[in-house]
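Worksheet: the structure to be examined is printed underneath.
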Amino acid sequence: MTAALIDLAYLAAAVLFVLALKGLSHPRKAVRGNLLGSLGMLIAVAVTLLDRRIVRFDIIAAGVLLGTSFGLVLATKIRMTAMPQLVALFNGLGGGASALVAGSALLAAATPQLLLTTSSVVSGLIGAVTFSGSFVAMAKLQGWLRARGAPRLWQRGFLVILLVAAALAATHLVREPTEIIGYGALTSAALLLGLVLVLPIGGADMPVMIALLNACSGLAAAATGFVLMNQALVISGSLVGASGFILTRIMCRAMNRTLAEVVFGHVHGDAGDPDQEPSKPVKSVSPEEVAMLLEASRRVIIVPGYGMAVAQAQHATAELARNLQAHGVRVDYAIHPVAGRMPGHMNVLLAEADVPYEELYDLEAINPELVEADVALVIGANDVVNPRARTDRDCPIYGMPILNVDRARTVVVLKRSMAPGFSGVSNPLFTAENTMMLFGDAKQSVVAIVRALQY
Amino acid sequence: MISAFVFALTVFVLALLLGHEVITKVPPTLHTPLMSGSNAISGITLVGAVLAAGSDHSALATGLGFIAVVFATTNVVGGFLVTHRMLAKFRRKPGEPGKS
């Protein structure tokens, strides 16, 4: 009787999770959706406590208390600019928890069945990879680890060794499921695998990796669901897995790279010798000149990139937009899917700066409009506005969908230097006829423009 | 045993398809909340962690379960809360009609 009741409650929780995800189809319904999701979680955990097998409530209470305080502190203290790190951390904790639960279930089973062992192998492998991989991703995003891509040659060697080790441990565990040392060996290999997979991932590839780790944290939960034969875990895990894979695919498509190229390193072809192109003069302008230009425009489209996030220029940018709007200028934002370090990164930052979401447009929607813009204001973006992706077949980023800012009447680029973006490809936009460069820290530049506008 | 597996597999595949249908409708603007929100949902592994920590099998099994409870609770509480914080910041243009 109780078992059926628990299963029904799990069903209710699963329905609430689906509604939570459905709510995310519109910003207006999303807050309510998220609340429904947390209600579902509360129900699922509460009914689990009715399970007869549970005797040590003190240990559960201690763990929940500790986790709740960590979660509360992290979620309330974190700055919006640090969101990619936090998402990476949470992915890792979810994956780690799934691997631990599978290990514990393996220990608890007197004579583990084949299904339980194989599911544990899957859960332990994916969970542990997600755990260590996410921590590396977090460390990189936080700047604790150098973000630059590491040499790929040693990576492949280690990968093969670790995969063989993991396969051996897995076979041993399936044959001798009571020898828990096999599970320890498997997860150790998987932890190292996570390190080796994520260590070489650099800056602009991070959105793909974060989305992939997100998918893995879901799959690990689903695998743990098979271990425990718990439908709540199976359903929720696969929902999250689907979400992560969809995001991964969107991110890959937006970079015109396959997942394998991101994970295993696609040796960028010739990044283009900058000397090849005749060095055209760069038009460098002052903030005051930019202010005059913007003020005289009817339509301005702002293109933010990772540079805006690094300089924390989102509030200044929003203020600039509001100033221009007060002058009767129409201002919109063009958001490239892979701008920043995780899916939707720019949108969150601009939302934090109180930019209404109606002013944010994605690639397909804004590209036809860019032709009609008087000024395209590029703030700390580079590869996503590189016209060579459209025209130069030999260029490594050829075929990547870009924002066609070069087709606006005038382009103003706020950038620290002429250095190429993550891809290492030189950008002819910066020397184009209709481009003006404003060099310096994005935040300081925007603040200077705002000051000049008010003057 | 096999039938239980097939049943779970059926549920898994159907949920994947359902997830695909629902999530393709999420606009790019909400991709970060989607990640943090779905990530909080993947903290459902907390259910398994509670079972692992609460069943008195062996010290090691309980210990692993305890760590899993801490991890998963951090994931769940932090995930839902930070998603809420983020979503609260998505605003419409001031002065436009519509419920908030």
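Residue numbers start at 1 in each chain; chains themselves are named A, B, ... in the order of the structure tokens; ligands are numbered from 1 in the order shown.
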Check your understanding: Running DSSP on the backbone, which parts of stretch 157-350 of chain A land in helix (DSSP H, G or I), as a PyMOL selection string?
Key -> chain A and resi 157-175+181-198+203-228+231-255+259-264+287-295+306-310+314-326+345-350
Review point. Which neighbours of A:Leu259 fall inside 8 Å, counting only C-alpha atoms, when residues of the same chain fewer than 4 positions from it are skipped, and could you give them as a PyMOL selection string?
Key: chain A and resi 208+248-249+252+263
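Minimum distance to B:Thr32 across A:Ala220, A:Ile60, A:Leu86, A:Leu195 (counting only C-alpha atoms) occurs at A:Leu86.
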Which polymer residues have any atom within 12 Å of an atom of stretch 162-168 of chain A, counting only C-alpha atoms, with same-chain residues fewer than 5 positions away left out, as a PDB file with N, CA and C atoms, in the first residue's frame?
ATOM      1  N   THR A 118      25.185  -3.563 -13.928  1.00  0.00           N
ATOM      2  CA  THR A 118      25.462  -2.814 -15.160  1.00  0.00           C
ATOM      3  C   THR A 118      24.980  -1.370 -15.039  1.00  0.00           C
ATOM      4  N   VAL A 121      27.467   0.507 -13.126  1.00  0.00           N
ATOM      5  CA  VAL A 121      28.632   0.828 -13.946  1.00  0.00           C
ATOM      6  C   VAL A 121      28.377   2.111 -14.728  1.00  0.00           C
ATOM      7  N   VAL A 122      27.180   2.181 -15.377  1.00  0.00           N
ATOM      8  CA  VAL A 122      26.847   3.367 -16.179  1.00  0.00           C
ATOM      9  C   VAL A 122      26.774   4.604 -15.292  1.00  0.00           C
ATOM     10  N   GLY A 124      28.071   5.110 -12.282  1.00  0.00           N
ATOM     11  CA  GLY A 124      29.372   5.469 -11.710  1.00  0.00           C
ATOM     12  C   GLY A 124      30.252   6.152 -12.739  1.00  0.00           C
ATOM     13  N   LEU A 125      30.243   5.619 -13.951  1.00  0.00           N
ATOM     14  CA  LEU A 125      31.083   6.174 -15.010  1.00  0.00           C
ATOM     15  C   LEU A 125      30.658   7.606 -15.354  1.00  0.00           C
ATOM     16  N   ILE A 126      29.377   7.763 -15.709  1.00  0.00           N
ATOM     17  CA  ILE A 126      28.901   9.100 -16.117  1.00  0.00           C
ATOM     18  C   ILE A 126      28.955  10.065 -14.940  1.00  0.00           C
ATOM     19  N   ALA A 128      30.841  10.093 -12.213  1.00  0.00           N
ATOM     20  CA  ALA A 128      32.183  10.517 -11.802  1.00  0.00           C
ATOM     21  C   ALA A 128      32.821  11.424 -12.853  1.00  0.00           C
ATOM     22  N   VAL A 129      32.607  11.117 -14.137  1.00  0.00           N
ATOM     23  CA  VAL A 129      33.124  12.003 -15.190  1.00  0.00           C
ATOM     24  C   VAL A 129      32.512  13.394 -15.037  1.00  0.00           C
ATOM     25  N   GLN A 155      46.418  14.329 -24.491  1.00  0.00           N
ATOM     26  CA  GLN A 155      45.044  14.060 -24.082  1.00  0.00           C
ATOM     27  C   GLN A 155      44.549  12.739 -24.672  1.00  0.00           C
ATOM     28  N   ARG A 156      44.829  12.542 -25.959  1.00  0.00           N
ATOM     29  CA  ARG A 156      44.329  11.325 -26.607  1.00  0.00           C
ATOM     30  C   ARG A 156      44.956  10.086 -25.998  1.00  0.00           C
ATOM     31  N   GLY A 157      46.264  10.156 -25.716  1.00  0.00           N
ATOM     32  CA  GLY A 157      46.932   9.016 -25.098  1.00  0.00           C
ATOM     33  C   GLY A 157      46.308   8.642 -23.765  1.00  0.00           C
ATOM     34  N   LEU A 173      33.793  -5.796 -12.334  1.00  0.00           N
ATOM     35  CA  LEU A 173      32.674  -5.531 -11.419  1.00  0.00           C
ATOM     36  C   LEU A 173      31.447  -6.347 -11.810  1.00  0.00           C
ATOM     37  N   VAL A 174      31.201  -6.467 -13.104  1.00  0.00           N
ATOM     38  CA  VAL A 174      30.036  -7.240 -13.549  1.00  0.00           C
ATOM     39  C   VAL A 174      30.232  -8.715 -13.199  1.00  0.00           C
ATOM     40  N   ARG A 175      31.495  -9.212 -13.302  1.00  0.00           N
ATOM     41  CA  ARG A 175      31.761 -10.618 -12.968  1.00  0.00           C
ATOM     42  C   ARG A 175      31.702 -10.847 -11.457  1.00  0.00           C
ATOM     43  N   GLY A 182      36.138  -3.028  -7.277  1.00  0.00           N
ATOM     44  CA  GLY A 182      35.946  -2.825  -8.721  1.00  0.00           C
ATOM     45  C   GLY A 182      35.248  -1.500  -8.992  1.00  0.00           C
ATOM     46  N   TYR A 183      34.253  -1.197  -8.161  1.00  0.00           N
ATOM     47  CA  TYR A 183      33.524   0.064  -8.344  1.00  0.00           C
ATOM     48  C   TYR A 183      34.438   1.249  -8.045  1.00  0.00           C
ATOM     49  N   GLY A 184      35.267   1.084  -7.018  1.00  0.00           N
ATOM     50  CA  GLY A 184      36.224   2.142  -6.689  1.00  0.00           C
ATOM     51  C   GLY A 184      37.176   2.402  -7.838  1.00  0.00           C
ATOM     52  N   ALA A 185      37.683   1.308  -8.451  1.00  0.00           N
ATOM     53  CA  ALA A 185      38.603   1.456  -9.574  1.00  0.00           C
ATOM     54  C   ALA A 185      37.911   2.131 -10.747  1.00  0.00           C
ATOM     55  N   LEU A 186      36.669   1.713 -10.987  1.00  0.00           N
ATOM     56  CA  LEU A 186      35.914   2.280 -12.110  1.00  0.00           C
ATOM     57  C   LEU A 186      35.720   3.781 -11.943  1.00  0.00           C
ATOM     58  N   THR A 187      35.266   4.177 -10.743  1.00  0.00           N
ATOM     59  CA  THR A 187      34.989   5.602 -10.557  1.00  0.00           C
ATOM     60  C   THR A 187      36.285   6.411 -10.522  1.00  0.00           C
ATOM     61  N   SER A 188      37.383   5.807 -10.019  1.00  0.00           N
ATOM     62  CA  SER A 188      38.658   6.525 -10.044  1.00  0.00           C
ATOM     63  C   SER A 188      39.075   6.805 -11.482  1.00  0.00           C
ATOM     64  N   ALA A 189      38.967   5.779 -12.331  1.00  0.00           N
ATOM     65  CA  ALA A 189      39.307   5.977 -13.742  1.00  0.00           C
ATOM     66  C   ALA A 189      38.404   7.037 -14.355  1.00  0.00           C
ATOM     67  N   ALA A 190      37.109   6.995 -13.989  1.00  0.00           N
ATOM     68  CA  ALA A 190      36.158   7.954 -14.549  1.00  0.00           C
ATOM     69  C   ALA A 190      36.467   9.375 -14.079  1.00  0.00           C
ATOM     70  N   LEU A 191      36.903   9.500 -12.819  1.00  0.00           N
ATOM     71  CA  LEU A 191      37.259  10.838 -12.312  1.00  0.00           C
ATOM     72  C   LEU A 191      38.413  11.416 -13.123  1.00  0.00           C
ATOM     73  N   LEU A 192      39.426  10.584 -13.379  1.00  0.00           N
ATOM     74  CA  LEU A 192      40.562  11.046 -14.180  1.00  0.00           C
ATOM     75  C   LEU A 192      40.121  11.357 -15.608  1.00  0.00           C
ATOM     76  N   LEU A 193      39.204  10.541 -16.099  1.00  0.00           N
ATOM     77  CA  LEU A 193      38.678  10.754 -17.452  1.00  0.00           C
ATOM     78  C   LEU A 193      38.036  12.136 -17.573  1.00  0.00           C
ATOM     79  N   GLY A 194      37.278  12.501 -16.542  1.00  0.00           N
ATOM     80  CA  GLY A 194      36.643  13.819 -16.533  1.00  0.00           C
ATOM     81  C   GLY A 194      37.680  14.932 -16.601  1.00  0.00           C
ATOM     82  N   LEU A 195      38.760  14.763 -15.842  1.00  0.00           N
ATOM     83  CA  LEU A 195      39.841  15.764 -15.863  1.00  0.00           C
ATOM     84  C   LEU A 195      40.419  15.888 -17.265  1.00  0.00           C
ATOM     85  N   VAL A 196      40.761  14.736 -17.843  1.00  0.00           N
ATOM     86  CA  VAL A 196      41.435  14.740 -19.138  1.00  0.00           C
ATOM     87  C   VAL A 196      40.526  15.295 -20.234  1.00  0.00           C
ATOM     88  N   LEU A 197      39.219  15.022 -20.108  1.00  0.00           N
ATOM     89  CA  LEU A 197      38.294  15.498 -21.133  1.00  0.00           C
ATOM     90  C   LEU A 197      38.123  17.008 -21.087  1.00  0.00           C
TER      91      LEU A 197
END
Practice item. Considering only C-alpha atoms, return as an MDAnalysis selection string whatever protein or nucleic-acid residues lie within 10 Å of B:Ala52, sequence-local ones (same chain, fewer than 4 positions apart) excluded. Key: (chainID A and resid 53:54 56 60 100:105 107:108 228) or (chainID B and resid 46:48 56:57 61:66 68:69)
Point to revise | All residues 10 Å or closer to stretch 77-80 of chain B, only C-alpha atoms, same chain fewer than 2 positions away omitted, as a count of residues only | key: 39
Practice item. Write out as a PyMOL selection string each polymer residue whose atoms come within 9 Å of A:Asp362, counting only C-alpha atoms; drop sequence neighbours fewer than 3 positions from it. Key: (chain A and resi 333-337+365-367) or (chain B and resi 28-29)
Point to revise | Contacts of A:Pro428 within 9 Å, only C-alpha atoms, excl. fewer than 3 positions in-chain, as a PyMOL selection string | key: chain A and resi 277+386-388+431-432
For the residues selected in the previous step, produce a file with N, CA and C atoms as an mmCIF file, in the first residue's frame.
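Just written: part_27.cif:
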data_model
loop_
_atom_site.group_PDB
_atom_site.id
_atom_site.type_symbol
_atom_site.label_atom_id
_atom_site.label_comp_id
_atom_site.auth_asym_id
_atom_site.auth_seq_id
_atom_site.Cartn_x
_atom_site.Cartn_y
_atom_site.Cartn_z
ATOM 1 N N GLU A 277 46.945 39.555 -45.195
ATOM 2 C CA GLU A 277 46.114 40.666 -45.612
ATOM 3 C C GLU A 277 46.944 41.941 -45.535
ATOM 4 N N ASN A 386 32.606 37.883 -37.052
ATOM 5 C CA ASN A 386 33.688 37.874 -38.046
ATOM 6 C C ASN A 386 33.145 37.517 -39.430
ATOM 7 N N PRO A 387 33.163 38.470 -40.377
ATOM 8 C CA PRO A 387 32.568 38.192 -41.692
ATOM 9 C C PRO A 387 33.296 37.088 -42.462
ATOM 10 N N ARG A 388 34.513 36.757 -42.052
ATOM 11 C CA ARG A 388 35.230 35.687 -42.763
ATOM 12 C C ARG A 388 34.504 34.353 -42.630
ATOM 13 N N THR A 431 39.021 46.410 -39.660
ATOM 14 C CA THR A 431 39.652 47.341 -40.587
ATOM 15 C C THR A 431 38.714 47.735 -41.714
ATOM 16 N N ALA A 432 37.429 47.344 -41.604
ATOM 17 C CA ALA A 432 36.483 47.641 -42.679
ATOM 18 C C ALA A 432 36.253 49.146 -42.793
#
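If you measure from each of A:Ala3, A:Leu24, A:Ala30, A:Ala13 to B:Pro27 using only C-alpha atoms, the closest one turns out to be A:Leu24.
Interatomic distance, atom CA of A:Glu289 to atom CA of A:Ala339: 26.9 Å.
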Exercise for review: Kindly give the distance, in Å, that separates atom CA of A:Ala373 and atom CA of A:Ala296, rounded to a single decimal.
Suggested key: 12.2 Å
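Of the listed residues A:Lys280, A:Arg451, A:Arg299, A:Arg341, the one whose atoms come nearest to chain B is A:Arg341, with distances taken using only C-alpha atoms.
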